[in-house]
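Data file: structure01.cif. Format and content: mmCIF, C-alpha atoms and all ligand atoms.
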```cif
data_query
#
loop_
_atom_site.group_PDB
_atom_site.id
_atom_site.type_symbol
_atom_site.label_atom_id
_atom_site.label_comp_id
_atom_site.auth_asym_id
_atom_site.auth_seq_id
_atom_site.Cartn_x
_atom_site.Cartn_y
_atom_site.Cartn_z
ATOM 1 C CA MET A 260 -2.684 -4.347 7.272
ATOM 2 C CA GLN A 261 -0.451 -4.422 10.325
ATOM 3 C CA THR A 262 -2.075 -6.174 13.298
ATOM 4 C CA ILE A 263 -0.914 -6.772 16.833
ATOM 5 C CA GLN A 264 -1.767 -9.893 18.807
ATOM 6 C CA THR A 265 -1.596 -10.193 22.566
ATOM 7 C CA THR A 266 -2.955 -12.424 25.325
ATOM 8 C CA LEU A 267 -5.043 -10.486 27.816
ATOM 9 C CA PRO A 268 -4.326 -11.073 31.497
ATOM 10 C CA ARG A 269 -8.006 -11.656 32.202
ATOM 11 C CA GLY A 270 -10.098 -11.668 29.014
ATOM 12 C CA ILE A 271 -13.824 -11.473 28.345
ATOM 13 C CA TYR A 272 -16.220 -14.145 29.529
ATOM 14 C CA SER A 273 -19.004 -15.142 27.180
ATOM 15 C CA GLY A 274 -20.990 -17.986 28.718
ATOM 16 C CA SER A 275 -18.392 -20.337 30.144
ATOM 17 C CA THR A 276 -15.745 -19.366 27.559
ATOM 18 C CA CYS A 277 -13.032 -16.887 28.463
ATOM 19 C CA HIS A 278 -11.800 -15.037 25.338
ATOM 20 C CA ARG A 279 -8.235 -13.835 25.888
ATOM 21 C CA VAL A 280 -6.371 -13.436 22.592
ATOM 22 C CA ALA A 281 -6.822 -9.867 21.398
ATOM 23 C CA VAL A 282 -6.003 -8.774 17.848
ATOM 24 C CA LEU A 283 -5.839 -5.044 17.243
ATOM 25 C CA ARG A 284 -4.724 -2.432 14.754
ATOM 26 C CA PRO A 285 -2.188 0.266 15.631
ATOM 27 C CA LEU A 286 -3.432 3.764 16.540
ATOM 28 C CA THR A 287 -4.276 6.085 13.656
ATOM 29 C CA GLY A 288 -2.762 9.555 13.253
ATOM 30 C CA ARG A 289 -6.095 11.039 14.367
ATOM 31 C CA GLN A 290 -5.978 9.024 17.594
ATOM 32 C CA GLU A 291 -2.340 10.019 18.178
ATOM 33 C CA VAL A 292 -3.412 13.676 17.989
ATOM 34 C CA GLU A 293 -6.442 13.121 20.248
ATOM 35 C CA ILE A 294 -4.497 11.253 22.951
ATOM 36 C CA GLY A 295 -1.600 13.726 22.795
ATOM 37 C CA ALA A 296 -3.955 16.692 23.238
ATOM 38 C CA CYS A 297 -5.262 15.502 26.626
ATOM 39 C CA VAL A 298 -5.321 12.352 28.747
ATOM 40 C CA PRO A 299 -8.311 10.308 27.511
ATOM 41 C CA ASP A 300 -10.872 9.550 30.242
ATOM 42 C CA PRO A 301 -12.064 5.938 30.712
ATOM 43 C CA ARG A 302 -14.965 6.373 28.261
ATOM 44 C CA ALA A 303 -12.676 7.883 25.590
ATOM 45 C CA VAL A 304 -10.201 5.015 26.154
ATOM 46 C CA SER A 305 -13.085 2.565 25.530
ATOM 47 C CA ARG A 306 -14.011 4.305 22.290
ATOM 48 C CA ILE A 307 -10.398 4.268 21.065
ATOM 49 C CA LEU A 308 -9.803 0.631 22.047
ATOM 50 C CA ALA A 309 -13.134 -0.503 20.517
ATOM 51 C CA ASP A 310 -12.098 1.193 17.267
ATOM 52 C CA ARG A 311 -8.717 -0.567 17.262
ATOM 53 C CA LEU A 312 -9.776 -4.047 18.449
ATOM 54 C CA ILE A 313 -10.434 -6.433 15.565
ATOM 55 C CA ARG A 314 -11.418 -9.251 17.909
ATOM 56 C CA VAL A 315 -10.914 -10.789 21.313
ATOM 57 C CA GLY A 316 -10.955 -14.573 20.915
ATOM 58 C CA GLY A 317 -14.182 -15.359 19.068
ATOM 59 C CA LEU A 318 -15.749 -11.970 19.813
ATOM 60 C CA GLU A 319 -15.655 -9.483 16.933
ATOM 61 C CA ALA A 320 -16.772 -5.874 16.525
ATOM 62 C CA LEU A 321 -16.664 -5.081 20.228
ATOM 63 C CA SER A 322 -18.634 -1.958 21.103
ATOM 64 C CA ALA A 323 -17.226 0.849 23.240
ATOM 65 C CA ARG A 324 -19.707 -0.284 25.922
ATOM 66 C CA ARG A 325 -18.286 -3.807 25.883
ATOM 67 C CA VAL A 326 -14.732 -2.448 26.131
ATOM 68 C CA LEU A 327 -15.809 -0.182 29.018
ATOM 69 C CA LEU A 328 -16.834 -3.358 30.857
ATOM 70 C CA MET A 329 -13.431 -5.003 30.342
ATOM 71 C CA SER A 330 -11.252 -5.267 33.430
ATOM 72 C CA ARG A 331 -9.014 -2.384 34.413
ATOM 73 C CA GLY A 332 -6.012 -4.711 33.964
ATOM 74 C CA ASP A 333 -7.001 -5.761 30.434
ATOM 75 C CA ARG A 334 -7.539 -2.152 29.368
ATOM 76 C CA ALA A 335 -4.141 -1.108 30.767
ATOM 77 C CA HIS A 336 -2.598 -4.107 28.981
ATOM 78 C CA LEU A 337 -4.135 -3.043 25.646
ATOM 79 C CA LEU A 338 -2.975 0.569 26.012
ATOM 80 C CA LEU A 339 0.589 -0.529 26.808
ATOM 81 C CA THR A 340 0.514 -2.987 23.890
ATOM 82 C CA LEU A 341 -0.494 -0.165 21.524
ATOM 83 C CA ARG A 342 2.252 2.004 23.029
ATOM 84 C CA ALA A 343 4.874 -0.738 22.485
ATOM 85 C CA SER A 344 3.796 -1.228 18.861
ATOM 86 C CA MET A 345 4.264 2.479 18.195
ATOM 87 C CA LEU A 346 7.190 3.538 20.382
ATOM 88 C CA GLY A 347 8.987 0.282 21.198
ATOM 89 C CA ASP A 348 9.119 -2.147 24.094
ATOM 90 C CA VAL A 349 11.449 -0.166 26.371
ATOM 91 C CA LEU A 350 9.825 2.313 28.717
ATOM 92 C CA ARG A 351 12.111 4.798 30.467
ATOM 93 C CA LEU A 352 10.838 6.752 33.459
ATOM 94 C CA THR A 353 12.644 9.135 35.758
ATOM 95 C CA VAL A 354 11.585 9.724 39.350
ATOM 96 C CA ALA A 355 13.250 12.138 41.782
ATOM 97 C CA CYS A 356 15.085 10.818 44.839
ATOM 98 C CA PRO A 357 12.832 11.454 47.909
ATOM 99 C CA ASN A 358 15.828 12.402 50.092
ATOM 100 C CA PRO A 359 15.681 16.230 50.318
ATOM 101 C CA ALA A 360 19.477 16.367 50.679
ATOM 102 C CA CYS A 361 19.922 14.445 47.404
ATOM 103 C CA CYS A 362 17.015 14.899 44.919
ATOM 104 C CA ALA A 363 19.034 13.040 42.248
ATOM 105 C CA PRO A 364 17.061 11.633 39.299
ATOM 106 C CA ILE A 365 16.456 7.869 39.553
ATOM 107 C CA PRO A 366 16.087 6.156 36.160
ATOM 108 C CA VAL A 367 13.560 3.307 35.852
ATOM 109 C CA VAL A 368 13.808 1.118 32.747
ATOM 110 C CA LEU A 369 10.938 -1.275 32.024
ATOM 111 C CA SER A 370 10.162 -3.759 29.269
ATOM 112 C CA ILE A 371 6.474 -3.551 28.337
ATOM 113 C CA GLN A 372 6.558 -7.198 27.309
ATOM 114 C CA ALA A 373 7.824 -8.184 30.768
ATOM 115 C CA VAL A 374 5.422 -5.834 32.560
ATOM 116 C CA CYS A 375 2.485 -7.231 30.545
ATOM 117 C CA ALA A 376 3.296 -10.959 30.824
ATOM 118 C CA SER A 377 -0.068 -12.765 31.172
ATOM 119 C CA PRO A 378 -0.584 -15.947 33.217
ATOM 120 C CA PRO A 379 -1.384 -18.966 31.007
ATOM 121 C CA VAL A 380 -4.395 -20.118 33.044
ATOM 122 C CA ALA A 381 -7.703 -18.224 32.712
ATOM 123 C CA ALA A 382 -8.868 -16.260 35.730
ATOM 124 C CA PRO A 383 -12.110 -17.197 37.510
ATOM 125 C CA ARG A 384 -15.110 -15.102 36.495
ATOM 126 C CA GLN A 385 -15.760 -13.920 40.048
ATOM 127 C CA LEU A 386 -13.786 -14.113 43.266
ATOM 128 C CA SER A 387 -15.236 -15.500 46.460
ATOM 129 C CA VAL A 388 -14.147 -15.566 50.082
ATOM 130 C CA SER A 389 -15.687 -16.776 53.347
ATOM 131 C CA THR A 390 -16.305 -14.114 55.992
ATOM 132 C CA PRO A 391 -18.059 -14.072 59.399
ATOM 133 C CA MET A 392 -21.121 -12.664 57.580
ATOM 134 C CA GLY A 393 -21.183 -15.448 55.006
ATOM 135 C CA GLU A 394 -19.766 -16.044 51.560
ATOM 136 C CA VAL A 395 -18.763 -12.880 49.680
ATOM 137 C CA ARG A 396 -18.511 -12.767 45.884
ATOM 138 C CA ILE A 397 -16.817 -9.867 44.152
ATOM 139 C CA ARG A 398 -15.821 -8.986 40.614
ATOM 140 C CA VAL A 399 -12.694 -7.148 39.482
ATOM 141 C CA PRO A 400 -12.796 -3.381 38.675
ATOM 142 C CA THR A 401 -13.682 -2.422 35.114
ATOM 143 C CA GLY A 402 -13.358 0.660 32.945
ATOM 144 C CA GLU A 403 -16.923 1.557 33.891
ATOM 145 C CA ASP A 404 -15.959 1.591 37.576
ATOM 146 C CA ASP A 405 -13.081 3.909 36.714
ATOM 147 C CA ALA A 406 -15.421 6.162 34.703
ATOM 148 C CA ILE A 407 -17.950 6.393 37.540
ATOM 149 C CA ILE A 408 -15.199 7.144 40.069
ATOM 150 C CA ALA A 409 -13.777 9.836 37.768
ATOM 151 C CA GLU A 410 -17.243 11.381 37.388
ATOM 152 C CA ALA A 411 -18.166 11.187 41.108
ATOM 153 C CA ASP A 412 -18.649 14.346 43.183
ATOM 154 C CA ALA A 413 -15.469 15.710 44.725
ATOM 155 C CA ASP A 414 -16.733 14.916 48.254
ATOM 156 C CA ALA A 415 -17.842 11.333 47.400
ATOM 157 C CA ASP A 416 -16.202 8.423 49.210
ATOM 158 C CA VAL A 417 -14.956 6.805 46.006
ATOM 159 C CA ASP A 418 -13.401 3.904 47.883
ATOM 160 C CA ALA A 419 -16.769 2.859 49.390
ATOM 161 C CA LEU A 420 -18.451 3.578 46.055
ATOM 162 C CA LEU A 421 -16.057 1.231 44.244
ATOM 163 C CA TRP A 422 -16.424 -1.563 46.804
ATOM 164 C CA SER A 423 -20.224 -1.325 46.730
ATOM 165 C CA ARG A 424 -20.029 -1.798 42.939
ATOM 166 C CA LEU A 425 -17.571 -4.701 43.089
ATOM 167 C CA LEU A 426 -19.528 -6.655 45.687
ATOM 168 C CA GLN A 427 -21.894 -9.093 43.987
ATOM 169 C CA GLN A 428 -23.033 -11.088 46.977
ATOM 170 C CA LEU A 429 -22.736 -10.931 50.758
ATOM 171 C CA GLY A 430 -24.570 -13.821 52.389
ATOM 172 C CA GLU A 431 -28.132 -13.403 51.135
ATOM 173 C CA ARG A 432 -27.615 -9.839 49.886
ATOM 174 C CA SER A 433 -26.777 -9.126 46.248
ATOM 175 C CA GLU A 434 -26.351 -5.359 46.623
ATOM 176 C CA LEU A 435 -24.795 -3.065 49.170
ATOM 177 C CA SER A 436 -24.775 0.743 49.200
ATOM 178 C CA PRO A 437 -21.486 2.597 49.765
ATOM 179 C CA ASP A 438 -22.725 3.454 53.294
ATOM 180 C CA GLU A 439 -23.481 -0.177 54.027
ATOM 181 C CA TRP A 440 -20.018 -1.176 52.796
ATOM 182 C CA ARG A 441 -18.443 1.440 55.084
ATOM 183 C CA ARG A 442 -20.356 0.074 58.067
ATOM 184 C CA LEU A 443 -19.226 -3.529 57.523
ATOM 185 C CA PRO A 444 -16.841 -4.773 60.219
ATOM 186 C CA ALA A 445 -13.136 -5.008 59.378
ATOM 187 C CA SER A 446 -13.459 -8.787 59.788
ATOM 188 C CA VAL A 447 -15.449 -8.747 56.504
ATOM 189 C CA ARG A 448 -13.815 -5.892 54.611
ATOM 190 C CA VAL A 449 -10.201 -7.027 55.147
ATOM 191 C CA PRO A 450 -10.539 -10.595 53.766
ATOM 192 C CA VAL A 451 -12.557 -9.239 50.826
ATOM 193 C CA ALA A 452 -9.871 -6.652 50.032
ATOM 194 C CA LEU A 453 -7.138 -9.297 50.323
ATOM 195 C CA ARG A 454 -9.069 -11.661 48.028
ATOM 196 C CA LEU A 455 -9.387 -8.949 45.389
ATOM 197 C CA ALA A 456 -5.698 -8.022 45.681
ATOM 198 C CA ARG A 457 -4.769 -11.689 45.075
ATOM 199 C CA GLY A 458 -7.239 -12.032 42.208
ATOM 200 C CA LEU A 459 -6.331 -8.905 40.242
ATOM 201 C CA ARG A 460 -4.610 -9.420 36.920
ATOM 202 C CA GLY A 461 -2.920 -6.844 34.757
ATOM 203 C CA PRO A 462 0.388 -5.164 33.976
ATOM 204 C CA MET A 463 2.750 -4.467 36.852
ATOM 205 C CA LEU A 464 2.219 -0.715 36.983
ATOM 206 C CA SER A 465 4.147 0.216 40.137
ATOM 207 C CA GLY A 466 7.342 -0.663 41.931
ATOM 208 C CA ARG A 467 10.314 0.745 43.813
ATOM 209 C CA ALA A 468 13.661 2.005 42.536
ATOM 210 C CA GLN A 469 16.793 2.806 44.520
ATOM 211 C CA CYS A 470 18.767 6.031 44.225
ATOM 212 C CA ALA A 471 22.329 5.256 43.084
ATOM 213 C CA ALA A 472 23.655 8.356 44.881
ATOM 214 C CA CYS A 473 22.203 7.925 48.402
ATOM 215 C CA THR A 474 20.485 4.468 48.335
ATOM 216 C CA ALA A 475 17.045 5.936 49.247
ATOM 217 C CA TRP A 476 14.063 4.106 47.763
ATOM 218 C CA ARG A 477 11.386 5.793 45.706
ATOM 219 C CA GLU A 478 8.115 4.352 44.461
ATOM 220 C CA TRP A 479 7.207 4.707 40.806
ATOM 221 C CA ARG A 480 3.863 4.246 39.134
ATOM 222 C CA VAL A 481 2.722 4.094 35.484
ATOM 223 C CA GLU A 482 -0.752 5.214 34.462
ATOM 224 C CA PRO A 483 -0.998 3.934 30.851
ATOM 225 C CA ALA A 484 -3.438 6.558 29.460
ATOM 226 C CA ALA A 485 -1.449 9.417 31.031
ATOM 227 C CA LEU A 486 1.853 7.899 29.868
ATOM 228 C CA LEU A 487 0.645 7.580 26.286
ATOM 229 C CA SER A 488 -0.746 11.112 26.337
ATOM 230 C CA ALA A 489 2.539 12.540 27.641
ATOM 231 C CA GLU A 490 4.537 10.614 25.035
ATOM 232 C CA LEU A 491 2.298 11.713 22.151
ATOM 233 C CA HIS A 492 1.961 15.286 23.362
ATOM 234 C CA GLY A 493 3.893 17.565 21.063
ATOM 235 C CA GLY A 494 3.558 15.193 18.107
ATOM 236 C CA ALA A 495 0.661 17.172 16.591
ATOM 237 C CA ALA A 496 2.973 19.642 14.811
ATOM 238 C CA ARG A 497 4.979 16.788 13.273
ATOM 239 C CA ILE A 498 1.782 15.089 12.085
ATOM 240 C CA VAL A 499 0.748 18.346 10.347
ATOM 241 C CA ASP A 500 4.113 18.284 8.537
ATOM 242 C CA GLU A 501 3.516 14.660 7.566
ATOM 243 C CA ILE A 502 0.020 15.475 6.254
ATOM 244 C CA HIS A 503 1.453 18.391 4.291
ATOM 245 C CA ALA A 504 4.121 16.239 2.614
ATOM 246 C CA LEU A 505 1.794 13.306 1.838
ATOM 247 C CA ALA A 506 -1.123 15.493 0.681
ATOM 248 C CA TRP A 507 1.221 17.560 -1.509
ATOM 249 C CA HIS A 508 2.718 14.583 -3.307
ATOM 250 C CA TYR A 509 -0.049 11.966 -3.351
ATOM 251 C CA HIS A 510 -3.053 14.346 -3.394
ATOM 252 C CA TRP A 511 -4.657 12.451 -0.494
ATOM 253 C CA SER A 512 -7.106 14.204 1.794
ATOM 254 C CA GLU A 513 -6.176 15.145 5.355
ATOM 255 C CA GLU A 514 -8.863 12.743 6.584
ATOM 256 C CA SER A 515 -7.424 9.758 4.741
ATOM 257 C CA ILE A 516 -3.868 10.528 5.903
ATOM 258 C CA LEU A 517 -5.041 10.812 9.535
ATOM 259 C CA ASP A 518 -6.637 7.369 9.189
ATOM 260 C CA LEU A 519 -3.192 5.835 8.610
ATOM 261 C CA PRO A 520 -1.153 4.457 11.513
ATOM 262 C CA ARG A 521 2.277 5.943 12.127
ATOM 263 C CA GLN A 522 4.289 3.085 10.533
ATOM 264 C CA ARG A 523 2.295 3.376 7.321
ATOM 265 C CA ARG A 524 2.668 7.171 7.145
ATOM 266 C CA TRP A 525 6.393 6.901 7.805
ATOM 267 C CA ARG A 526 6.781 4.198 5.168
ATOM 268 C CA TYR A 527 5.192 6.467 2.524
ATOM 269 C CA LEU A 528 7.364 9.376 3.668
ATOM 270 C CA ALA A 529 10.465 7.191 3.374
ATOM 271 C CA LEU A 530 9.444 6.138 -0.160
ATOM 272 C CA LEU A 531 8.819 9.778 -1.035
ATOM 273 C CA SER A 532 12.182 10.843 0.280
ATOM 274 C CA GLN A 533 13.868 8.015 -1.653
ATOM 275 C CA ALA A 534 12.069 9.004 -4.877
ATOM 276 C CA MET A 535 13.108 12.658 -4.434
ATOM 277 C CA CYS A 536 16.746 11.675 -3.863
ATOM 278 C CA GLU A 537 16.696 9.581 -7.035
ATOM 279 C CA GLU A 538 15.183 12.475 -8.989
ATOM 280 C CA LYS A 539 18.011 14.790 -7.890
ATOM 281 C CA ARG A 540 20.683 12.429 -9.223
HETATM 282 ZN ZN ZN A 601 19.286 10.075 46.459
#
```
How does the structure come out when it is put into structure tokens?
Amino acid sequence: MQTIQTTLPRGIYSGSTCHRVAVLRPLTGRQEVEIGACVPDPRAVSRILADRLIRVGGLEALSARRVLLMSRGDRAHLLLTLRASMLGDVLRLTVACPNPACCAPIPVVLSIQAVCASPPVAAPRQLSVSTPMGEVRIRVPTGEDDAIIAEADADADVDALLWSRLLQQLGERSELSPDEWRRLPASVRVPVALRLARGLRGPMLSGRAQCAACTAWREWRVEPAALLSAELHGGAARIVDEIHALAWHYHWSEESILDLPRQRRWRYLALLSQAMCEEKR
């Protein structure tokens, strides 16, 4: 069985131990079809990752709930790792030049391995910073935060909602509503935001690229679930062809073929093609 091993930028704390080495299986054909059909929401991403994760450090059989509570950076790292195992390390994006007189395409070439490089030292469990209102402790955003933001009402202040969830302690308080967060003075909110920005860990998902034609700069951004969905979109028809060929020759069920990862399906198809060529001779 093919497995993929990677060191998570943050990892999962269990007691005082931080588990960071993730071992996972490649996506199955069924998951390729599901992700290609529409961008998976944070809860669907958790379900898919929980199904593919064999272990993280000493933690085995992680539930979708546990994966939902993993940091946003770790989840992005896992999605990009799965993408690299299936489609290769090089990621090519194209953004349009922002200069209206130019509009030339600007190519961006990234290495997933470089983008996902994890620091060797474990991250602290929580981040703290001193403010005029006392010590503030915050945690990093998780998949659950992303799910709740995605499910919030259209008129909700998702920024205040997120900060109220991340804040674990402000002086004597252990909870703050989104309204209370909004009403905090800038002298508290700014150092807290800076502390989180310094403490975040995860793949480098944005940057700037320069237009070769007019030298204008354009920002680029990668959203791993959307990227994977776009790259797998359109693959469903090919997978049907693969199922047809494998089911026809090996008499396997559609279900069992869809359980196979791409490399395995393609290996059987290559063997089949080789056998047919030999038969013709
Ligand atoms: Zn340009």
### Task
Any chance you could resolve the PyMOL selection byres (((not hetatm)) within 12 of (chain A and resi 601)) against this file and give the residues as a list in words?
Val354, Ala355, Cys356, Pro357, Asn358, Pro359, Ala360, Cys361, Cys362, Ala363, Pro364, Ile365, Pro366, Ala468, Gln469, Cys470, Ala471, Ala472, Cys473, Thr474, Ala475, Trp476 and Arg477 of chain A
### Query
From the list A:Ala489, A:Ala484, A:Val326, A:Asp416, which residue is nearest Thr340 of chain A when using only C-alpha atoms?
A:Ala484
Please write as a PDB file with C-alpha atoms, keeping the file's coordinate frame the full residue list that the PyMOL selection byres (((chain A and resi 520-525) around 8) and not hetatm) yields on this file.
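Done, and the output landed in result.pdb:
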```
ATOM      1  CA  PRO A 285      -2.188   0.266  15.631  1.00  0.00           C
ATOM      2  CA  LEU A 286      -3.432   3.764  16.540  1.00  0.00           C
ATOM      3  CA  THR A 287      -4.276   6.085  13.656  1.00  0.00           C
ATOM      4  CA  GLY A 288      -2.762   9.555  13.253  1.00  0.00           C
ATOM      5  CA  MET A 345       4.264   2.479  18.195  1.00  0.00           C
ATOM      6  CA  GLU A 501       3.516  14.660   7.566  1.00  0.00           C
ATOM      7  CA  ILE A 516      -3.868  10.528   5.903  1.00  0.00           C
ATOM      8  CA  LEU A 517      -5.041  10.812   9.535  1.00  0.00           C
ATOM      9  CA  ASP A 518      -6.637   7.369   9.189  1.00  0.00           C
ATOM     10  CA  LEU A 519      -3.192   5.835   8.610  1.00  0.00           C
ATOM     11  CA  ARG A 526       6.781   4.198   5.168  1.00  0.00           C
ATOM     12  CA  TYR A 527       5.192   6.467   2.524  1.00  0.00           C
ATOM     13  CA  LEU A 528       7.364   9.376   3.668  1.00  0.00           C
ATOM     14  CA  ALA A 529      10.465   7.191   3.374  1.00  0.00           C
TER      15      ALA A 529
END
```
### Task
Could you tell me how far atom CA of Pro450 of chain A lies from atom CA of Glu482 of chain A, in Å and to one decimal?
26.8 Å
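Picked out by the PyMOL selection byres (((chain A and resi 399) around 10) and not hetatm) when it runs on this file: Arg269, Met329, Ser330, Arg331, Gly332, Arg384, Gln385, Leu386, Ile397, Arg398, Pro400, Thr401, Asp404, Trp422, Arg424, Leu425, Leu426, Leu455, Ala456, Gly458, Leu459 and Arg460 of chain A.
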### Query
Within 9 Å of (0.9, 14.1, 4.3), in the coordinates the file gives, what residues turn up when you count all atoms listed in the file, written out as a list in words?
Ile498, Val499, Asp500, Glu501, Ile502, His503, Ala504, Leu505, Ala506, Trp507, His508, Tyr509, His510, Trp511, Ser512, Glu513, Ile516, Leu517, Arg524, Tyr527 and Leu528 of chain A
Those selected residues, please, written with C-alpha atoms and delivered as a PDB file, in the frame of the given file.
```
ATOM      1  CA  ILE A 498       1.782  15.089  12.085  1.00  0.00           C
ATOM      2  CA  VAL A 499       0.748  18.346  10.347  1.00  0.00           C
ATOM      3  CA  ASP A 500       4.113  18.284   8.537  1.00  0.00           C
ATOM      4  CA  GLU A 501       3.516  14.660   7.566  1.00  0.00           C
ATOM      5  CA  ILE A 502       0.020  15.475   6.254  1.00  0.00           C
ATOM      6  CA  HIS A 503       1.453  18.391   4.291  1.00  0.00           C
ATOM      7  CA  ALA A 504       4.121  16.239   2.614  1.00  0.00           C
ATOM      8  CA  LEU A 505       1.794  13.306   1.838  1.00  0.00           C
ATOM      9  CA  ALA A 506      -1.123  15.493   0.681  1.00  0.00           C
ATOM     10  CA  TRP A 507       1.221  17.560  -1.509  1.00  0.00           C
ATOM     11  CA  HIS A 508       2.718  14.583  -3.307  1.00  0.00           C
ATOM     12  CA  TYR A 509      -0.049  11.966  -3.351  1.00  0.00           C
ATOM     13  CA  HIS A 510      -3.053  14.346  -3.394  1.00  0.00           C
ATOM     14  CA  TRP A 511      -4.657  12.451  -0.494  1.00  0.00           C
ATOM     15  CA  SER A 512      -7.106  14.204   1.794  1.00  0.00           C
ATOM     16  CA  GLU A 513      -6.176  15.145   5.355  1.00  0.00           C
ATOM     17  CA  ILE A 516      -3.868  10.528   5.903  1.00  0.00           C
ATOM     18  CA  LEU A 517      -5.041  10.812   9.535  1.00  0.00           C
ATOM     19  CA  ARG A 524       2.668   7.171   7.145  1.00  0.00           C
ATOM     20  CA  TYR A 527       5.192   6.467   2.524  1.00  0.00           C
ATOM     21  CA  LEU A 528       7.364   9.376   3.668  1.00  0.00           C
TER      22      LEU A 528
END
```
### Task
Just give me the gap between atom CA of Asp310 of chain A and atom CA of Val280 of chain A in Å, one decimal is fine.
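Separation of atom CA of Asp310 of chain A and atom CA of Val280 of chain A: 16.6 Å.
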Near segment 427-434 of chain A, 10 Å: segment 439-458 of chain A residue rows, closest pairs, all atoms listed in the file, as a tab-separated table:
```
residue	atom	partner	partner_atom	distance
A:Glu439	CA	A:Glu434	CA	9.5
A:Trp440	CA	A:Glu434	CA	9.8
A:Val447	CA	A:Leu429	CA	9.5
```
Just segment 309-326 of chain A from the block, N, CA and C atoms, as a PDB file, in the first residue's frame, could you?
```
ATOM      1  N   ALA A 309      -9.749  12.602   7.257  1.00  0.00           N
ATOM      2  CA  ALA A 309      -9.822  11.569   8.312  1.00  0.00           C
ATOM      3  C   ALA A 309      -9.778  10.179   7.676  1.00  0.00           C
ATOM      4  N   ASP A 310     -10.421  10.044   6.511  1.00  0.00           N
ATOM      5  CA  ASP A 310     -10.427   8.759   5.811  1.00  0.00           C
ATOM      6  C   ASP A 310      -9.029   8.399   5.292  1.00  0.00           C
ATOM      7  N   ARG A 311      -8.260   9.408   4.914  1.00  0.00           N
ATOM      8  CA  ARG A 311      -6.940   9.146   4.320  1.00  0.00           C
ATOM      9  C   ARG A 311      -5.800   9.088   5.335  1.00  0.00           C
ATOM     10  N   LEU A 312      -5.994   9.706   6.523  1.00  0.00           N
ATOM     11  CA  LEU A 312      -4.913   9.734   7.512  1.00  0.00           C
ATOM     12  C   LEU A 312      -4.802   8.379   8.205  1.00  0.00           C
ATOM     13  N   ILE A 313      -3.625   7.779   8.158  1.00  0.00           N
ATOM     14  CA  ILE A 313      -3.400   6.530   8.888  1.00  0.00           C
ATOM     15  C   ILE A 313      -3.053   6.877  10.337  1.00  0.00           C
ATOM     16  N   ARG A 314      -2.190   7.868  10.493  1.00  0.00           N
ATOM     17  CA  ARG A 314      -1.867   8.337  11.853  1.00  0.00           C
ATOM     18  C   ARG A 314      -1.189   9.696  11.783  1.00  0.00           C
ATOM     19  N   VAL A 315      -1.229  10.361  12.916  1.00  0.00           N
ATOM     20  CA  VAL A 315      -0.426  11.583  13.116  1.00  0.00           C
ATOM     21  C   VAL A 315       0.370  11.322  14.387  1.00  0.00           C
ATOM     22  N   GLY A 316       1.675  11.136  14.245  1.00  0.00           N
ATOM     23  CA  GLY A 316       2.509  10.762  15.394  1.00  0.00           C
ATOM     24  C   GLY A 316       1.977   9.468  15.993  1.00  0.00           C
ATOM     25  N   GLY A 317       1.669   9.494  17.277  1.00  0.00           N
ATOM     26  CA  GLY A 317       1.146   8.306  17.952  1.00  0.00           C
ATOM     27  C   GLY A 317      -0.371   8.218  17.930  1.00  0.00           C
ATOM     28  N   LEU A 318      -1.026   9.131  17.232  1.00  0.00           N
ATOM     29  CA  LEU A 318      -2.494   9.141  17.213  1.00  0.00           C
ATOM     30  C   LEU A 318      -2.993   8.431  15.960  1.00  0.00           C
ATOM     31  N   GLU A 319      -3.791   7.385  16.159  1.00  0.00           N
ATOM     32  CA  GLU A 319      -4.313   6.618  15.018  1.00  0.00           C
ATOM     33  C   GLU A 319      -5.817   6.767  14.931  1.00  0.00           C
ATOM     34  N   ALA A 320      -6.360   6.405  13.783  1.00  0.00           N
ATOM     35  CA  ALA A 320      -7.818   6.428  13.563  1.00  0.00           C
ATOM     36  C   ALA A 320      -8.428   7.761  13.986  1.00  0.00           C
ATOM     37  N   LEU A 321      -7.917   8.833  13.409  1.00  0.00           N
ATOM     38  CA  LEU A 321      -8.451  10.159  13.756  1.00  0.00           C
ATOM     39  C   LEU A 321      -9.854  10.323  13.169  1.00  0.00           C
ATOM     40  N   SER A 322     -10.757  10.814  13.979  1.00  0.00           N
ATOM     41  CA  SER A 322     -12.138  11.022  13.512  1.00  0.00           C
ATOM     42  C   SER A 322     -12.207  12.314  12.696  1.00  0.00           C
ATOM     43  N   ALA A 323     -13.304  12.441  11.927  1.00  0.00           N
ATOM     44  CA  ALA A 323     -13.495  13.672  11.155  1.00  0.00           C
ATOM     45  C   ALA A 323     -13.561  14.877  12.100  1.00  0.00           C
ATOM     46  N   ARG A 324     -14.116  14.663  13.282  1.00  0.00           N
ATOM     47  CA  ARG A 324     -14.221  15.737  14.291  1.00  0.00           C
ATOM     48  C   ARG A 324     -12.825  16.197  14.729  1.00  0.00           C
ATOM     49  N   ARG A 325     -11.945  15.225  14.935  1.00  0.00           N
ATOM     50  CA  ARG A 325     -10.582  15.552  15.370  1.00  0.00           C
ATOM     51  C   ARG A 325      -9.853  16.317  14.249  1.00  0.00           C
ATOM     52  N   VAL A 326     -10.084  15.893  13.012  1.00  0.00           N
ATOM     53  CA  VAL A 326      -9.427  16.566  11.880  1.00  0.00           C
ATOM     54  C   VAL A 326     -10.004  17.971  11.686  1.00  0.00           C
TER      55      VAL A 326
END
```
